[in-house]
Structure formats: C-alpha cells, structure tokens
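Visitor: Structure: structure_29.txt, compact mmCIF, N, CA and C atoms.
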# COMPACT_ATOMS: atom_id res chain seq x y z
N MET A 1 -14.08 4.24 7.38
CA MET A 1 -12.97 4.75 8.18
C MET A 1 -12.88 6.27 7.96
N THR A 2 -12.75 6.98 9.06
CA THR A 2 -12.64 8.43 8.97
C THR A 2 -11.24 8.83 8.52
N THR A 3 -11.12 10.07 8.09
CA THR A 3 -9.82 10.58 7.66
C THR A 3 -8.83 10.57 8.82
N GLY A 4 -9.29 10.97 10.00
CA GLY A 4 -8.42 10.98 11.18
C GLY A 4 -7.91 9.59 11.51
N ARG A 5 -8.81 8.62 11.47
CA ARG A 5 -8.43 7.23 11.75
C ARG A 5 -7.42 6.72 10.71
N LEU A 6 -7.65 7.07 9.46
CA LEU A 6 -6.73 6.67 8.39
C LEU A 6 -5.33 7.25 8.62
N LEU A 7 -5.28 8.52 9.01
CA LEU A 7 -3.99 9.17 9.27
C LEU A 7 -3.26 8.51 10.44
N ILE A 8 -4.01 8.12 11.47
CA ILE A 8 -3.41 7.43 12.62
C ILE A 8 -2.83 6.08 12.19
N GLU A 9 -3.56 5.36 11.35
CA GLU A 9 -3.07 4.08 10.85
C GLU A 9 -1.84 4.26 9.97
N ILE A 10 -1.86 5.27 9.12
CA ILE A 10 -0.68 5.56 8.28
C ILE A 10 0.52 5.88 9.16
N ALA A 11 0.30 6.66 10.22
CA ALA A 11 1.40 6.98 11.15
C ALA A 11 1.96 5.72 11.78
N GLY A 12 1.09 4.82 12.20
CA GLY A 12 1.54 3.57 12.82
C GLY A 12 2.36 2.72 11.88
N TRP A 13 1.87 2.56 10.66
CA TRP A 13 2.61 1.74 9.68
C TRP A 13 3.90 2.43 9.24
N THR A 14 3.89 3.74 9.17
CA THR A 14 5.11 4.48 8.84
C THR A 14 6.15 4.29 9.94
N GLY A 15 5.72 4.37 11.19
CA GLY A 15 6.62 4.14 12.31
C GLY A 15 7.21 2.74 12.30
N ALA A 16 6.34 1.76 12.05
CA ALA A 16 6.81 0.37 11.99
C ALA A 16 7.85 0.21 10.88
N GLY A 17 7.55 0.77 9.72
CA GLY A 17 8.48 0.67 8.59
C GLY A 17 9.81 1.32 8.88
N LEU A 18 9.79 2.52 9.46
CA LEU A 18 11.04 3.22 9.77
C LEU A 18 11.91 2.45 10.76
N ILE A 19 11.29 1.95 11.81
CA ILE A 19 12.06 1.22 12.82
C ILE A 19 12.60 -0.08 12.26
N LEU A 20 11.80 -0.77 11.46
CA LEU A 20 12.27 -2.03 10.85
C LEU A 20 13.41 -1.79 9.86
N VAL A 21 13.27 -0.77 9.03
CA VAL A 21 14.34 -0.46 8.06
C VAL A 21 15.61 -0.03 8.80
N ALA A 22 15.45 0.77 9.86
CA ALA A 22 16.62 1.18 10.65
C ALA A 22 17.34 -0.03 11.21
N TYR A 23 16.58 -0.97 11.75
CA TYR A 23 17.18 -2.18 12.32
C TYR A 23 17.84 -3.03 11.23
N LEU A 24 17.20 -3.14 10.09
CA LEU A 24 17.78 -3.89 8.97
C LEU A 24 19.11 -3.27 8.53
N LEU A 25 19.12 -1.94 8.40
CA LEU A 25 20.36 -1.26 7.99
C LEU A 25 21.45 -1.38 9.04
N LEU A 26 21.08 -1.35 10.31
CA LEU A 26 22.04 -1.54 11.39
C LEU A 26 22.59 -2.96 11.36
N SER A 27 21.71 -3.93 11.24
CA SER A 27 22.11 -5.34 11.27
C SER A 27 22.95 -5.73 10.06
N SER A 28 22.71 -5.07 8.94
CA SER A 28 23.47 -5.39 7.73
C SER A 28 24.78 -4.61 7.66
N GLY A 29 25.03 -3.75 8.64
CA GLY A 29 26.28 -2.99 8.67
C GLY A 29 26.27 -1.75 7.81
N ARG A 30 25.14 -1.39 7.25
CA ARG A 30 25.07 -0.18 6.41
C ARG A 30 24.98 1.09 7.23
N LEU A 31 24.50 0.97 8.47
CA LEU A 31 24.47 2.10 9.40
C LEU A 31 25.07 1.63 10.72
N THR A 32 25.51 2.59 11.52
CA THR A 32 25.97 2.27 12.87
C THR A 32 24.98 2.88 13.87
N GLY A 33 25.06 2.43 15.09
CA GLY A 33 24.20 2.98 16.13
C GLY A 33 24.47 4.44 16.41
N GLN A 34 25.63 4.93 16.00
CA GLN A 34 25.99 6.33 16.21
C GLN A 34 25.73 7.20 14.99
N SER A 35 25.08 6.65 13.96
CA SER A 35 24.78 7.47 12.78
C SER A 35 23.51 8.28 13.00
N ARG A 36 23.53 9.49 12.50
CA ARG A 36 22.35 10.35 12.61
C ARG A 36 21.15 9.73 11.90
N ALA A 37 21.38 9.13 10.75
CA ALA A 37 20.28 8.54 9.99
C ALA A 37 19.57 7.46 10.80
N TYR A 38 20.34 6.59 11.44
CA TYR A 38 19.76 5.52 12.25
C TYR A 38 18.94 6.10 13.40
N GLN A 39 19.51 7.07 14.09
CA GLN A 39 18.82 7.67 15.24
C GLN A 39 17.57 8.43 14.81
N TRP A 40 17.63 9.17 13.70
CA TRP A 40 16.46 9.90 13.22
C TRP A 40 15.34 8.95 12.80
N MET A 41 15.70 7.84 12.16
CA MET A 41 14.69 6.86 11.78
C MET A 41 13.99 6.31 13.02
N ASN A 42 14.74 6.07 14.08
CA ASN A 42 14.16 5.59 15.33
C ASN A 42 13.31 6.65 16.03
N VAL A 43 13.78 7.87 16.04
CA VAL A 43 13.03 8.95 16.69
C VAL A 43 11.69 9.19 15.98
N VAL A 44 11.73 9.31 14.67
CA VAL A 44 10.49 9.55 13.92
C VAL A 44 9.58 8.33 13.99
N GLY A 45 10.16 7.14 13.86
CA GLY A 45 9.36 5.92 13.96
C GLY A 45 8.70 5.79 15.31
N ALA A 46 9.44 6.08 16.39
CA ALA A 46 8.87 6.00 17.73
C ALA A 46 7.77 7.05 17.92
N ALA A 47 7.97 8.25 17.39
CA ALA A 47 6.94 9.30 17.50
C ALA A 47 5.65 8.85 16.80
N CYS A 48 5.80 8.22 15.65
CA CYS A 48 4.62 7.70 14.94
C CYS A 48 3.93 6.62 15.76
N PHE A 49 4.70 5.75 16.39
CA PHE A 49 4.14 4.70 17.25
C PHE A 49 3.44 5.29 18.47
N VAL A 50 4.01 6.34 19.06
CA VAL A 50 3.39 6.98 20.21
C VAL A 50 2.01 7.51 19.82
N LEU A 51 1.95 8.16 18.68
CA LEU A 51 0.68 8.69 18.19
C LEU A 51 -0.33 7.57 17.98
N ASN A 52 0.08 6.53 17.28
CA ASN A 52 -0.82 5.41 16.99
C ASN A 52 -1.22 4.66 18.25
N SER A 53 -0.26 4.34 19.09
CA SER A 53 -0.54 3.58 20.31
C SER A 53 -1.41 4.37 21.28
N GLY A 54 -1.08 5.64 21.44
CA GLY A 54 -1.87 6.49 22.33
C GLY A 54 -3.31 6.61 21.86
N TRP A 55 -3.49 6.80 20.58
CA TRP A 55 -4.84 6.91 20.00
C TRP A 55 -5.64 5.63 20.24
N ASN A 56 -4.96 4.50 20.13
CA ASN A 56 -5.63 3.22 20.28
C ASN A 56 -5.69 2.71 21.71
N GLY A 57 -5.18 3.51 22.66
CA GLY A 57 -5.25 3.14 24.06
C GLY A 57 -4.25 2.08 24.49
N ALA A 58 -3.23 1.84 23.68
CA ALA A 58 -2.19 0.87 24.03
C ALA A 58 -1.10 1.60 24.82
N ILE A 59 -1.39 1.88 26.07
CA ILE A 59 -0.52 2.71 26.90
C ILE A 59 0.87 2.10 27.11
N PRO A 60 1.00 0.79 27.35
CA PRO A 60 2.36 0.23 27.49
C PRO A 60 3.21 0.44 26.23
N SER A 61 2.62 0.27 25.07
CA SER A 61 3.34 0.49 23.82
C SER A 61 3.69 1.96 23.66
N ALA A 62 2.77 2.84 23.98
CA ALA A 62 3.05 4.28 23.89
C ALA A 62 4.18 4.66 24.83
N ALA A 63 4.15 4.15 26.07
CA ALA A 63 5.20 4.46 27.05
C ALA A 63 6.56 3.95 26.58
N LEU A 64 6.60 2.73 26.09
CA LEU A 64 7.84 2.17 25.57
C LEU A 64 8.41 3.05 24.47
N ASN A 65 7.57 3.52 23.58
CA ASN A 65 8.04 4.32 22.46
C ASN A 65 8.41 5.73 22.85
N VAL A 66 7.84 6.25 23.93
CA VAL A 66 8.30 7.54 24.46
C VAL A 66 9.75 7.38 24.92
N VAL A 67 10.04 6.30 25.63
CA VAL A 67 11.41 6.04 26.09
C VAL A 67 12.33 5.84 24.89
N TRP A 68 11.88 5.06 23.89
CA TRP A 68 12.67 4.82 22.68
C TRP A 68 13.01 6.15 22.00
N LEU A 69 12.02 7.03 21.90
CA LEU A 69 12.20 8.34 21.29
C LEU A 69 13.21 9.16 22.09
N LEU A 70 13.09 9.15 23.40
CA LEU A 70 14.01 9.92 24.23
C LEU A 70 15.45 9.41 24.12
N ILE A 71 15.61 8.10 24.05
CA ILE A 71 16.96 7.54 23.86
C ILE A 71 17.55 8.06 22.55
N GLY A 72 16.76 8.07 21.50
CA GLY A 72 17.23 8.57 20.21
C GLY A 72 17.57 10.05 20.25
N VAL A 73 16.75 10.84 20.91
CA VAL A 73 17.01 12.28 21.01
C VAL A 73 18.29 12.54 21.80
N VAL A 74 18.47 11.85 22.90
CA VAL A 74 19.70 12.02 23.70
C VAL A 74 20.91 11.60 22.88
N THR A 75 20.80 10.51 22.14
CA THR A 75 21.92 10.06 21.31
C THR A 75 22.23 11.07 20.22
N LEU A 76 21.20 11.63 19.59
CA LEU A 76 21.42 12.67 18.57
C LEU A 76 22.10 13.89 19.18
N TRP A 77 21.69 14.26 20.39
CA TRP A 77 22.31 15.39 21.07
C TRP A 77 23.79 15.10 21.34
N ARG A 78 24.09 13.88 21.78
CA ARG A 78 25.49 13.51 22.05
C ARG A 78 26.32 13.49 20.77
N ILE A 79 25.74 13.00 19.69
CA ILE A 79 26.44 13.00 18.40
C ILE A 79 26.76 14.42 17.97
N ALA A 80 25.78 15.32 18.10
CA ALA A 80 25.99 16.72 17.71
C ALA A 80 27.04 17.39 18.59
N ARG A 81 27.00 17.08 19.87
CA ARG A 81 27.98 17.65 20.81
C ARG A 81 29.40 17.15 20.52
N ALA A 82 29.52 15.90 20.15
CA ALA A 82 30.83 15.33 19.85
C ALA A 82 31.42 15.93 18.57
N LYS A 83 30.57 16.29 17.63
CA LYS A 83 31.04 16.86 16.36
C LYS A 83 31.46 18.33 16.53
N ALA A 84 30.90 18.99 17.55
CA ALA A 84 31.18 20.43 17.74
C ALA A 84 32.52 20.68 18.40
Would you write the structure of this file as structure tokens?
Guide:
Amino acid sequence: MTTGRLLIEIAGWTGAGLILVAYLLLSSGRLTGQSRAYQWMNVVGAACFVLNSGWNGAIPSAALNVVWLLIGVVTLWRIARAKA
C-alpha cells in the first residue's frame, strides 16, 4: 500500500469515527444538534468521507457527504450568527 493510499484510508476511518461518535453523543444527550462540537465533528467527518469516497470513485457517497458537510457549515454559521 502506498503512503497516499494509506492516508486516504486513514481519512475515511477518521471520518467514520467522527460521525459515529457525534451521533452517539447526540443520541445519549451529551450533545445537542445545535452544539458547535456536534456540527464540527460532522463537518470534519464528512470532509474526510468526501476525500475517501471521491478517491475510491464512490460518487454517490461523496455527493451525500458534500451535502452533509454543507448542512453542518450552514448550521455552524447560524449558531455563530445567533450568538453575535
């Protein structure tokens, strides 16, 4: 396995871990959907999935995660705007 391929795999597993932990924390009541931590975990996790999916040619997965990432970014923007 090349170094580039290894980094792509690490990104994919990191994304999976972040999104799963975010969902676990949300489901257990430790985070809310409006928390910055939850949204950042989803944004970074989705970005990692986009990288991994795009590299592997899984275009539907990459597209889904682009939308997931954008939802998180818009939510973070709204959270910041509400605090200001």
Visitor: Which residues are near segment 32-44 of chain A? Cut-off 6.5 Å, all atoms listed in the file, ignore same chain within fewer than 2 positions. Put them as a list in words.
Guide: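 Once the adjacent positions are removed, what remains is Gly15, Leu18, Ile19, Ala22, Leu25, Leu26, Gly29, Arg30, Ala46, Ala47, Cys48, Phe49, Trp68, Leu69, Gly72, Val73 and Leu76 of chain A.
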Visitor: Since we have the selection now, will you write its residues out, keeping N, CA and C atoms, as an mmCIF file, in the frame of the given file?
Guide:
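Saved file again_9.cif follows:
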data_model
loop_
_atom_site.group_PDB
_atom_site.id
_atom_site.type_symbol
_atom_site.label_atom_id
_atom_site.label_comp_id
_atom_site.auth_asym_id
_atom_site.auth_seq_id
_atom_site.Cartn_x
_atom_site.Cartn_y
_atom_site.Cartn_z
ATOM 1 N N GLY A 15 5.720 4.370 11.190
ATOM 2 C CA GLY A 15 6.620 4.140 12.310
ATOM 3 C C GLY A 15 7.210 2.740 12.300
ATOM 4 N N LEU A 18 9.790 2.520 9.460
ATOM 5 C CA LEU A 18 11.040 3.220 9.770
ATOM 6 C C LEU A 18 11.910 2.450 10.760
ATOM 7 N N ILE A 19 11.290 1.950 11.810
ATOM 8 C CA ILE A 19 12.060 1.220 12.820
ATOM 9 C C ILE A 19 12.600 -0.080 12.260
ATOM 10 N N ALA A 22 15.450 0.770 9.860
ATOM 11 C CA ALA A 22 16.620 1.180 10.650
ATOM 12 C C ALA A 22 17.340 -0.030 11.210
ATOM 13 N N LEU A 25 19.120 -1.940 8.400
ATOM 14 C CA LEU A 25 20.360 -1.260 7.990
ATOM 15 C C LEU A 25 21.450 -1.380 9.040
ATOM 16 N N LEU A 26 21.080 -1.350 10.310
ATOM 17 C CA LEU A 26 22.040 -1.540 11.390
ATOM 18 C C LEU A 26 22.590 -2.960 11.360
ATOM 19 N N GLY A 29 25.030 -3.750 8.640
ATOM 20 C CA GLY A 29 26.280 -2.990 8.670
ATOM 21 C C GLY A 29 26.270 -1.750 7.810
ATOM 22 N N ARG A 30 25.140 -1.390 7.250
ATOM 23 C CA ARG A 30 25.070 -0.180 6.410
ATOM 24 C C ARG A 30 24.980 1.090 7.230
ATOM 25 N N ALA A 46 9.440 6.080 16.390
ATOM 26 C CA ALA A 46 8.870 6.000 17.730
ATOM 27 C C ALA A 46 7.770 7.050 17.920
ATOM 28 N N ALA A 47 7.970 8.250 17.390
ATOM 29 C CA ALA A 47 6.940 9.300 17.500
ATOM 30 C C ALA A 47 5.650 8.850 16.800
ATOM 31 N N CYS A 48 5.800 8.220 15.650
ATOM 32 C CA CYS A 48 4.620 7.700 14.940
ATOM 33 C C CYS A 48 3.930 6.620 15.760
ATOM 34 N N PHE A 49 4.700 5.750 16.390
ATOM 35 C CA PHE A 49 4.140 4.700 17.250
ATOM 36 C C PHE A 49 3.440 5.290 18.470
ATOM 37 N N TRP A 68 11.880 5.060 23.890
ATOM 38 C CA TRP A 68 12.670 4.820 22.680
ATOM 39 C C TRP A 68 13.010 6.150 22.000
ATOM 40 N N LEU A 69 12.020 7.030 21.900
ATOM 41 C CA LEU A 69 12.200 8.340 21.290
ATOM 42 C C LEU A 69 13.210 9.160 22.090
ATOM 43 N N GLY A 72 16.760 8.070 21.500
ATOM 44 C CA GLY A 72 17.230 8.570 20.210
ATOM 45 C C GLY A 72 17.570 10.050 20.250
ATOM 46 N N VAL A 73 16.750 10.840 20.910
ATOM 47 C CA VAL A 73 17.010 12.280 21.010
ATOM 48 C C VAL A 73 18.290 12.540 21.800
ATOM 49 N N LEU A 76 21.200 11.630 19.590
ATOM 50 C CA LEU A 76 21.420 12.670 18.570
ATOM 51 C C LEU A 76 22.100 13.890 19.180
#
Visitor: From a DSSP calculation on the backbone, collect every residue of chain A in helix (DSSP H, G or I) and output the set as a PyMOL selection string.
Guide: chain A and resi 3-27+36-55+59-83
Visitor: Counting only C-alpha atoms, which of A:Leu6, A:Gly45, A:Ala11, A:Leu64 gets nearest to Tyr23 of chain A?
Guide: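 Result for the nearest residue to Tyr23 of chain A: A:Gly45.
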Visitor: In Å, rounded to a single decimal, give me how far atom CA of Ser27 of chain A is from atom CA of Ala58 of chain A.
Guide: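 About the pair atom CA of Ala58 of chain A and atom CA of Ser27 of chain A: they are 28.1 Å apart.
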Visitor: What is the atom N of Ile8 of chain A-atom CA of Pro60 of chain A distance in Å, reported with one decimal?
Guide: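 So the answer is 19.0 Å.
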Visitor: For the atom pair atom CA of Trp13 of chain A and atom CA of Ile71 of chain A, what is the interatomic distance in Å to one decimal place?
Guide: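 One can read the atom CA of Trp13 of chain A to atom CA of Ile71 of chain A distance as 21.0 Å.
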